[in-house]
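Asker: My structure is in query01.cif, and what it holds is mmCIF, C-alpha atoms:
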```cif
data_entry
#
loop_
_atom_site.label_atom_id
_atom_site.label_comp_id
_atom_site.auth_asym_id
_atom_site.auth_seq_id
_atom_site.Cartn_x
_atom_site.Cartn_y
_atom_site.Cartn_z
CA MET A 1 -78.73 141.24 -272.58
CA PRO A 2 -77.44 144.68 -271.48
CA ALA A 3 -74.31 145.90 -273.21
CA GLU A 4 -71.05 145.29 -271.41
CA THR A 5 -69.44 148.29 -269.70
CA GLY A 6 -65.87 147.28 -270.39
CA PHE A 7 -65.33 146.59 -266.71
CA PRO A 8 -65.59 142.78 -266.38
CA ARG A 9 -65.89 142.68 -262.60
CA ALA A 10 -68.75 145.18 -262.68
CA ASP A 11 -70.43 143.29 -265.52
CA VAL A 12 -70.41 139.93 -263.74
CA ALA A 13 -71.70 141.57 -260.56
CA ASP A 14 -74.57 143.05 -262.58
CA ASP A 15 -75.24 139.67 -264.19
CA PHE A 16 -75.51 138.00 -260.80
CA GLN A 17 -77.80 140.66 -259.37
CA ARG A 18 -80.00 140.47 -262.45
CA ALA A 19 -80.28 136.69 -262.09
CA ARG A 20 -81.20 137.08 -258.40
CA ARG A 21 -83.88 139.65 -259.20
CA ARG A 22 -85.37 137.35 -261.83
CA GLN A 23 -85.54 134.51 -259.33
CA VAL A 24 -87.31 136.67 -256.74
CA LEU A 25 -89.76 138.07 -259.30
CA ALA A 26 -90.48 134.60 -260.69
CA GLN A 27 -91.24 133.32 -257.18
CA LEU A 28 -93.55 136.27 -256.56
CA ALA A 29 -95.32 135.76 -259.89
CA HIS A 30 -95.99 132.10 -259.05
CA ARG A 31 -97.57 133.12 -255.75
CA LEU A 32 -99.73 135.81 -257.33
CA ARG A 33 -100.95 133.35 -259.97
CA GLY A 34 -101.80 130.83 -257.26
CA GLU A 35 -99.52 128.16 -258.74
CA PRO A 36 -98.22 125.25 -256.63
CA ASP A 37 -95.18 126.05 -254.50
CA ASP A 38 -93.04 123.44 -256.28
CA VAL A 39 -93.44 124.84 -259.82
CA ASN A 40 -90.18 126.74 -259.60
CA LEU A 41 -88.18 124.22 -257.56
CA ILE A 42 -85.28 122.41 -259.17
CA LEU A 43 -86.01 118.73 -259.87
CA PRO A 44 -84.04 116.21 -257.75
CA PHE A 45 -82.54 113.40 -259.82
CA ASP A 46 -82.93 110.70 -257.16
CA ASP A 47 -86.63 111.46 -256.69
CA VAL A 48 -87.25 111.43 -260.44
CA VAL A 49 -85.49 108.08 -260.90
CA ALA A 50 -87.35 106.60 -257.92
CA ALA A 51 -90.69 107.67 -259.43
CA LEU A 52 -89.89 106.50 -262.96
CA GLY A 53 -88.05 103.29 -262.11
CA LEU A 54 -84.40 102.75 -263.10
CA ARG A 55 -83.70 100.25 -265.88
CA SER A 56 -80.20 101.02 -267.10
CA GLU A 57 -77.68 103.76 -267.80
CA HIS A 58 -74.85 104.24 -270.28
CA TYR A 59 -72.30 106.93 -271.02
CA LEU A 60 -72.77 108.91 -274.25
CA GLY A 61 -69.72 111.17 -274.07
CA LEU A 62 -69.35 114.86 -274.91
CA GLN A 63 -72.41 116.52 -276.48
CA THR A 64 -73.88 119.96 -276.95
CA ILE A 65 -77.23 120.20 -275.15
CA LYS A 66 -79.92 122.85 -274.94
CA LEU A 67 -79.84 124.83 -271.73
CA GLU A 68 -83.63 124.84 -271.51
CA SER A 69 -83.50 121.07 -271.06
CA VAL A 70 -81.38 121.37 -267.90
CA VAL A 71 -83.99 121.29 -265.15
CA GLY A 72 -82.59 119.22 -262.30
CA THR A 73 -79.71 118.34 -260.06
CA MET A 74 -78.01 115.31 -258.54
CA ASP A 75 -77.08 117.50 -255.57
CA SER A 76 -79.14 117.91 -252.40
CA ARG A 77 -78.49 121.65 -252.17
CA ARG A 78 -81.07 124.25 -253.17
CA ASP A 79 -78.79 127.02 -254.35
CA PHE A 80 -80.63 127.35 -257.68
CA ASP A 81 -84.23 127.23 -258.86
CA ARG A 82 -85.71 125.28 -261.78
CA HIS A 83 -84.15 127.73 -264.26
CA PHE A 84 -80.82 127.80 -262.38
CA ARG A 85 -81.30 131.31 -261.07
CA PRO A 86 -79.49 131.75 -257.71
CA THR A 87 -81.87 131.42 -254.76
CA SER A 88 -79.57 133.34 -252.39
CA SER A 89 -76.33 135.30 -252.32
CA ARG A 90 -74.48 132.33 -250.84
CA VAL A 91 -73.18 131.29 -254.26
CA ARG A 92 -72.27 134.80 -255.34
CA GLU A 93 -68.51 134.62 -254.82
CA ARG A 94 -67.97 131.46 -256.83
CA TRP A 95 -70.57 132.48 -259.42
CA GLU A 96 -68.84 135.78 -260.15
CA ARG A 97 -65.36 134.20 -260.10
CA LEU A 98 -66.36 131.68 -262.77
CA ALA A 99 -68.22 134.30 -264.81
CA LEU A 100 -65.17 136.56 -264.74
CA ALA A 101 -62.90 133.72 -265.87
CA GLN A 102 -65.27 133.06 -268.76
CA LYS A 103 -65.24 136.73 -269.79
CA ARG A 104 -61.46 136.69 -269.76
CA GLY A 105 -61.43 133.78 -272.18
CA GLU A 106 -60.14 131.18 -269.76
CA ASN A 107 -60.83 127.52 -270.57
CA ILE A 108 -64.15 126.42 -269.02
CA PRO A 109 -64.58 122.64 -268.89
CA PRO A 110 -67.86 121.00 -269.98
CA ILE A 111 -70.46 120.26 -267.36
CA ASP A 112 -71.41 116.70 -266.35
CA VAL A 113 -75.09 115.69 -266.64
CA TYR A 114 -77.43 112.73 -266.53
CA ARG A 115 -80.20 112.51 -269.15
CA ILE A 116 -83.67 111.10 -268.56
CA GLY A 117 -85.82 111.43 -271.68
CA ASP A 118 -85.39 115.05 -272.78
CA LEU A 119 -84.44 116.28 -269.30
CA HIS A 120 -80.92 116.85 -267.98
CA PHE A 121 -79.76 116.75 -264.37
CA VAL A 122 -76.49 118.38 -263.35
CA LYS A 123 -73.88 116.31 -261.55
CA ASP A 124 -71.09 118.87 -261.87
CA GLY A 125 -71.36 122.42 -263.19
CA HIS A 126 -74.33 124.08 -261.50
CA HIS A 127 -72.68 127.50 -261.44
CA ARG A 128 -71.64 127.18 -265.10
CA VAL A 129 -75.23 126.39 -266.10
CA SER A 130 -76.50 129.35 -264.07
CA ILE A 131 -74.00 131.71 -265.69
CA ALA A 132 -74.79 130.44 -269.17
CA MET A 133 -78.51 130.97 -268.64
CA ALA A 134 -78.01 134.39 -267.07
CA THR A 135 -75.90 135.56 -270.01
CA GLY A 136 -78.36 134.41 -272.66
CA GLN A 137 -76.62 131.30 -273.99
CA GLN A 138 -78.83 128.68 -275.66
CA THR A 139 -76.56 125.62 -275.48
CA ILE A 140 -73.73 124.24 -273.38
CA ASP A 141 -71.19 121.42 -273.75
CA ALA A 142 -71.73 118.49 -271.43
CA TYR A 143 -70.54 114.98 -270.71
CA VAL A 144 -73.79 113.01 -270.88
CA THR A 145 -74.85 109.77 -269.20
CA GLU A 146 -78.25 108.54 -270.37
CA VAL A 147 -80.63 106.81 -267.97
CA GLN A 148 -83.40 104.48 -269.19
CA THR A 149 -86.50 104.31 -266.98
CA ALA A 150 -89.58 102.11 -266.77
CA VAL A 151 -91.92 105.10 -267.18
CA PRO A 152 -91.21 107.94 -269.67
CA ALA A 153 -90.21 111.32 -268.24
CA THR A 154 -92.69 113.20 -270.42
CA GLY A 155 -95.01 115.60 -268.63
CA ILE A 156 -92.80 116.27 -265.62
CA ARG A 157 -93.13 120.00 -264.98
CA ARG A 158 -92.82 120.09 -261.19
CA ARG A 159 -92.07 117.86 -258.23
CA GLY A 160 -95.76 117.17 -257.71
CA ASP A 161 -95.85 115.41 -261.08
CA LEU A 162 -93.57 112.73 -259.66
CA LEU A 163 -96.44 111.33 -257.60
CA VAL A 164 -98.38 110.66 -260.81
CA LYS A 165 -95.34 109.00 -262.35
CA ASP A 166 -94.84 106.83 -259.28
CA TYR A 167 -98.41 105.51 -259.49
CA GLN A 168 -98.01 105.02 -263.24
CA ARG A 169 -94.89 102.94 -262.61
CA LEU A 170 -96.70 100.75 -260.08
CA PHE A 171 -99.66 100.36 -262.45
CA ARG A 172 -97.35 99.27 -265.27
CA ALA A 173 -95.78 96.64 -263.01
CA ARG A 174 -99.21 95.25 -262.19
CA VAL A 175 -100.72 95.64 -265.68
CA PRO A 176 -98.04 95.06 -268.37
CA LEU A 177 -99.25 96.49 -271.69
CA ALA A 178 -97.76 97.88 -274.88
CA GLU A 179 -96.68 101.52 -274.80
CA GLU A 180 -99.47 102.60 -277.16
CA ALA A 181 -102.01 101.13 -274.73
CA TYR A 182 -100.55 103.03 -271.78
CA ALA A 183 -100.87 106.25 -273.80
CA LYS A 184 -104.65 105.80 -273.73
CA ILE A 185 -104.83 105.28 -269.96
CA THR A 186 -104.38 108.63 -268.23
CA PHE A 187 -105.78 110.08 -265.01
CA SER A 188 -105.57 113.47 -263.32
CA ASP A 189 -105.78 111.81 -259.90
CA PRO A 190 -102.72 109.58 -259.25
CA TRP A 191 -104.72 107.26 -256.96
CA SER A 192 -106.89 106.25 -259.92
CA TYR A 193 -103.96 104.25 -261.32
CA ALA A 194 -103.98 102.14 -258.15
CA GLU A 195 -107.76 101.70 -258.34
CA LEU A 196 -107.56 100.63 -261.98
CA GLY A 197 -104.78 98.18 -261.16
CA GLU A 198 -107.05 96.59 -258.54
CA ALA A 199 -109.92 96.48 -261.06
CA VAL A 200 -107.79 94.77 -263.71
CA GLU A 201 -106.56 92.18 -261.22
CA ALA A 202 -110.15 91.49 -260.12
CA TRP A 203 -111.18 91.16 -263.78
CA GLY A 204 -108.30 88.74 -264.32
CA CYS A 205 -109.38 86.63 -261.34
CA ARG A 206 -112.90 86.31 -262.74
CA CYS A 207 -111.47 85.53 -266.17
CA MET A 208 -109.31 82.70 -264.78
CA GLN A 209 -112.28 81.27 -262.92
CA ASP A 210 -114.41 81.33 -266.07
CA ASN A 211 -111.65 79.69 -268.14
CA HIS A 212 -110.55 77.23 -265.43
CA ARG A 213 -106.85 77.95 -265.96
CA PHE A 214 -104.07 80.16 -264.67
CA MET A 215 -103.04 83.29 -266.64
CA ASP A 216 -99.98 85.43 -265.99
CA ARG A 217 -100.13 89.21 -265.66
CA GLY A 218 -99.21 89.77 -269.30
CA GLU A 219 -102.05 87.65 -270.63
CA ILE A 220 -104.57 89.13 -268.21
CA ALA A 221 -103.55 92.69 -269.09
CA SER A 222 -103.71 91.99 -272.82
CA ARG A 223 -107.12 90.33 -272.63
CA TRP A 224 -108.53 93.01 -270.30
CA PHE A 225 -107.46 95.78 -272.66
CA ALA A 226 -108.83 94.02 -275.76
CA GLU A 227 -111.97 92.41 -274.33
CA GLU A 228 -112.99 94.87 -271.62
CA TYR A 229 -111.41 98.30 -271.84
CA ARG A 230 -111.53 99.04 -275.58
CA PRO A 231 -115.09 97.78 -276.18
CA VAL A 232 -116.41 99.69 -273.17
CA VAL A 233 -114.68 102.91 -274.23
CA ARG A 234 -116.18 102.54 -277.71
CA MET A 235 -119.65 102.17 -276.19
CA LEU A 236 -119.08 105.19 -273.95
CA ARG A 237 -118.07 107.30 -276.92
CA ALA A 238 -121.13 106.18 -278.86
CA ALA A 239 -123.33 107.08 -275.88
CA ASP A 240 -121.58 110.45 -275.42
CA MET A 241 -120.55 109.55 -271.86
CA ILE A 242 -116.92 110.67 -271.83
CA GLY A 243 -117.31 114.44 -271.93
CA SER A 244 -114.42 116.33 -270.35
CA LEU A 245 -113.00 113.19 -268.71
CA THR A 246 -110.20 111.09 -270.11
CA GLU A 247 -111.41 107.78 -271.52
CA ALA A 248 -109.83 105.96 -268.57
CA GLU A 249 -111.63 108.23 -266.09
CA ALA A 250 -114.92 107.65 -267.91
CA TYR A 251 -114.33 103.89 -267.85
CA MET A 252 -113.62 103.88 -264.11
CA ARG A 253 -116.69 105.98 -263.37
CA VAL A 254 -119.15 103.70 -265.15
CA ALA A 255 -117.35 100.51 -264.05
CA ALA A 256 -117.88 101.50 -260.42
CA GLU A 257 -121.48 102.57 -261.00
CA ARG A 258 -122.25 99.44 -263.05
CA TYR A 259 -121.83 97.05 -260.13
CA ARG A 260 -123.16 99.40 -257.45
CA LEU A 261 -126.38 100.14 -259.34
CA ILE A 262 -126.94 97.09 -261.52
CA ARG A 263 -125.00 94.31 -259.73
CA THR A 264 -123.31 92.95 -262.82
CA HIS A 265 -119.86 92.72 -264.38
CA GLU A 266 -121.30 92.41 -267.89
CA TRP A 267 -121.33 95.07 -270.58
CA ASN A 268 -123.81 95.66 -273.38
CA ASP A 269 -125.73 98.53 -274.95
CA GLU A 270 -128.65 98.15 -272.56
CA ILE A 271 -126.39 98.41 -269.51
CA ILE A 272 -124.64 101.45 -270.97
CA GLU A 273 -128.02 103.12 -271.55
CA ARG A 274 -129.16 102.38 -268.00
CA LEU A 275 -125.89 103.79 -266.63
CA ARG A 276 -126.15 106.85 -268.85
CA ARG A 277 -129.50 107.69 -267.29
CA LYS A 278 -128.25 107.09 -263.74
CA VAL A 279 -124.88 108.89 -263.76
CA ARG A 280 -126.13 112.09 -265.37
#
```
How does this structure look as structure tokens?

Answerer:
Amino acid sequence: MPAETGFPRADVADDFQRARRRQVLAQLAHRLRGEPDDVNLILPFDDVVAALGLRSEHYLGLQTIKLESVVGTMDSRRDFDRHFRPTSSRVRERWERLALAQKRGENIPPIDVYRIGDLHFVKDGHHRVSIAMATGQQTIDAYVTEVQTAVPATGIRRRGDLLVKDYQRLFRARVPLAEEAYAKITFSDPWSYAELGEAVEAWGCRCMQDNHRFMDRGEIASRWFAEEYRPVVRMLRAADMIGSLTEAEAYMRVAAERYRLIRTHEWNDEIIERLRRKVR
């Protein structure tokens, strides 16, 4: 950070202008790199919770949190970007007033945030977070309320990632598995989660018909993963048919081709070999 001039009002004005320049330059850099428009947008708490699925929340009290983990807001305004740089001069007056009070040693209350995974969303204190980031602070005191969700918040980098999380949440509701199983089922295309959910339900229907008894979603999901998914993935690996795909993407590709080309729902080494010749 530049050295202070000894004139607090001038220093906070410089700090604000520097933060604004960084926001403009960051936006320009994203465009030049051809990145999605939402990469630098602040994450909205309500949209994140809707995508992940709310389970519970509880108050944790006063904590010191890392500023880099503060990425979202519970507010509908767009006065700050993902890194809490001001997006316009509309907030300048209040921003500089609070920054000046901080430089003068006045008591600054902790901010109020909600935590989802490792991410924090500001309920009260947006300007204080912006000032702290602009002046090079690494941590900030906050009153924290933790939110538990059905789907983990890992991997959320931009608003577009919420679509993937939303499909993951719906897939988990349809196909209840252990967390370590979900970690093996990943797609780059969100719609693939819906397609796999349909495939598992169809597999479960055939399984119930073969066994002449009803099975709930939990039993179907568990048996599908153990009797269908894992053995097929092992065969695909042995046949070198995964390549650059995820194992779930490779499974879906050959599962679709299996019935279209061979008219069977069975799996064995001969079928894998026939598919290997056809899909390459």

Asker: Please measure the separation of CA of Phe45 in chain A and CA of Met74 in chain A, giving the value in Å to one decimal.

Answerer: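 These two atoms are separated by 5.1 Å.
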
Asker: Which residues match the PyMOL selection byres ((chain A and resi 143-154) around 6) in the file above, as a list in words?

Answerer: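 Applying the PyMOL selection byres ((chain A and resi 143-154) around 6) to the structure shown produces Leu52, Gly53, Leu54, Arg55, Ser56, Glu57, His58, Tyr59, Leu60, Gly61, Leu62, Asp112, Val113, Tyr114, Arg115, Ile116, Gly117, Ala142, Gly155, Ile156 and Arg169 of chain A.
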
Asker: Could you save those same residues with C-alpha atoms as a compact mmCIF listing (two decimals), in the coordinates of the input?

Answerer:
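result13.txt written:
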```txt
# COMPACT_ATOMS: atom_id res chain seq x y z
CA LEU A 52 -89.89 106.50 -262.96
CA GLY A 53 -88.05 103.29 -262.11
CA LEU A 54 -84.40 102.75 -263.10
CA ARG A 55 -83.70 100.25 -265.88
CA SER A 56 -80.20 101.02 -267.10
CA GLU A 57 -77.68 103.76 -267.80
CA HIS A 58 -74.85 104.24 -270.28
CA TYR A 59 -72.30 106.93 -271.02
CA LEU A 60 -72.77 108.91 -274.25
CA GLY A 61 -69.72 111.17 -274.07
CA LEU A 62 -69.35 114.86 -274.91
CA ASP A 112 -71.41 116.70 -266.35
CA VAL A 113 -75.09 115.69 -266.64
CA TYR A 114 -77.43 112.73 -266.53
CA ARG A 115 -80.20 112.51 -269.15
CA ILE A 116 -83.67 111.10 -268.56
CA GLY A 117 -85.82 111.43 -271.68
CA ALA A 142 -71.73 118.49 -271.43
CA GLY A 155 -95.01 115.60 -268.63
CA ILE A 156 -92.80 116.27 -265.62
CA ARG A 169 -94.89 102.94 -262.61
```

Asker: From the options A:Arg206, A:Pro231, A:Ser192, A:Trp224, which residue's atoms come nearest to Met252 in chain A, counting all atoms listed in the file?

Answerer: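 For Met252 in chain A, the nearest of the given residues is A:Ser192.
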
Asker: In terms of the shortest atom-to-atom distance over only C-alpha atoms, which of A:Asp161, A:Asp15, A:Asp166, A:Asp141 is closest to Val49 in chain A?

Answerer: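 Ranked by minimum distance to Val49 in chain A, first place goes to A:Asp166.
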
Asker: On this structure, the PyMOL selection byres ((chain A and resi 20-33) around 7) would catch which residues? List them as a PyMOL selection string, sorted by chain and number.

Answerer: chain A and resi 16-19+34-35+85-87

Asker: Counting all atoms listed in the file, figure out which residue out of A:Val129, A:Val233, A:Ile140, A:Val122 gets nearest to Glu247 in chain A.

Answerer: A:Val233

Asker: Do you have the CA of Ala13 in chain A-CA of Ser76 in chain A distance handy?

Answerer: 26.1 Å

Asker: Enclose range 235-239 of chain A, meaning all of its atoms listed in the file, in a box aligned along x, y and z, pad it by 4 Å on each side, and list the centre and edge lengths in Å to one decimal, as lines of an AutoDock Vina configuration file.

Answerer:
```
center_x = -120.7
center_y = 104.7
center_z = -276.4
size_x = 13.3
size_y = 13.1
size_z = 12.9
```

Asker: Rank A:Arg213, A:Arg92, A:Lys184, A:Arg157 by their smallest atom-to-atom distance to Phe225 in chain A, using all atoms listed in the file, and report the top residue only.

Answerer: A:Lys184

Asker: What does the distance between CA of Ala132 in chain A and CA of Ala51 in chain A come to in Å, to one decimal place?

Answerer: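 CA of Ala51 in chain A lies at a distance of 29.4 Å from CA of Ala132 in chain A.
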
Asker: Between A:Ser69, A:Thr139, A:Thr246, A:Asn40, which residue has the minimum interatomic distance to Arg158 in chain A, considering all atoms listed in the file?

Answerer: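 Distance minimum relative to Arg158 in chain A lands on A:Asn40.
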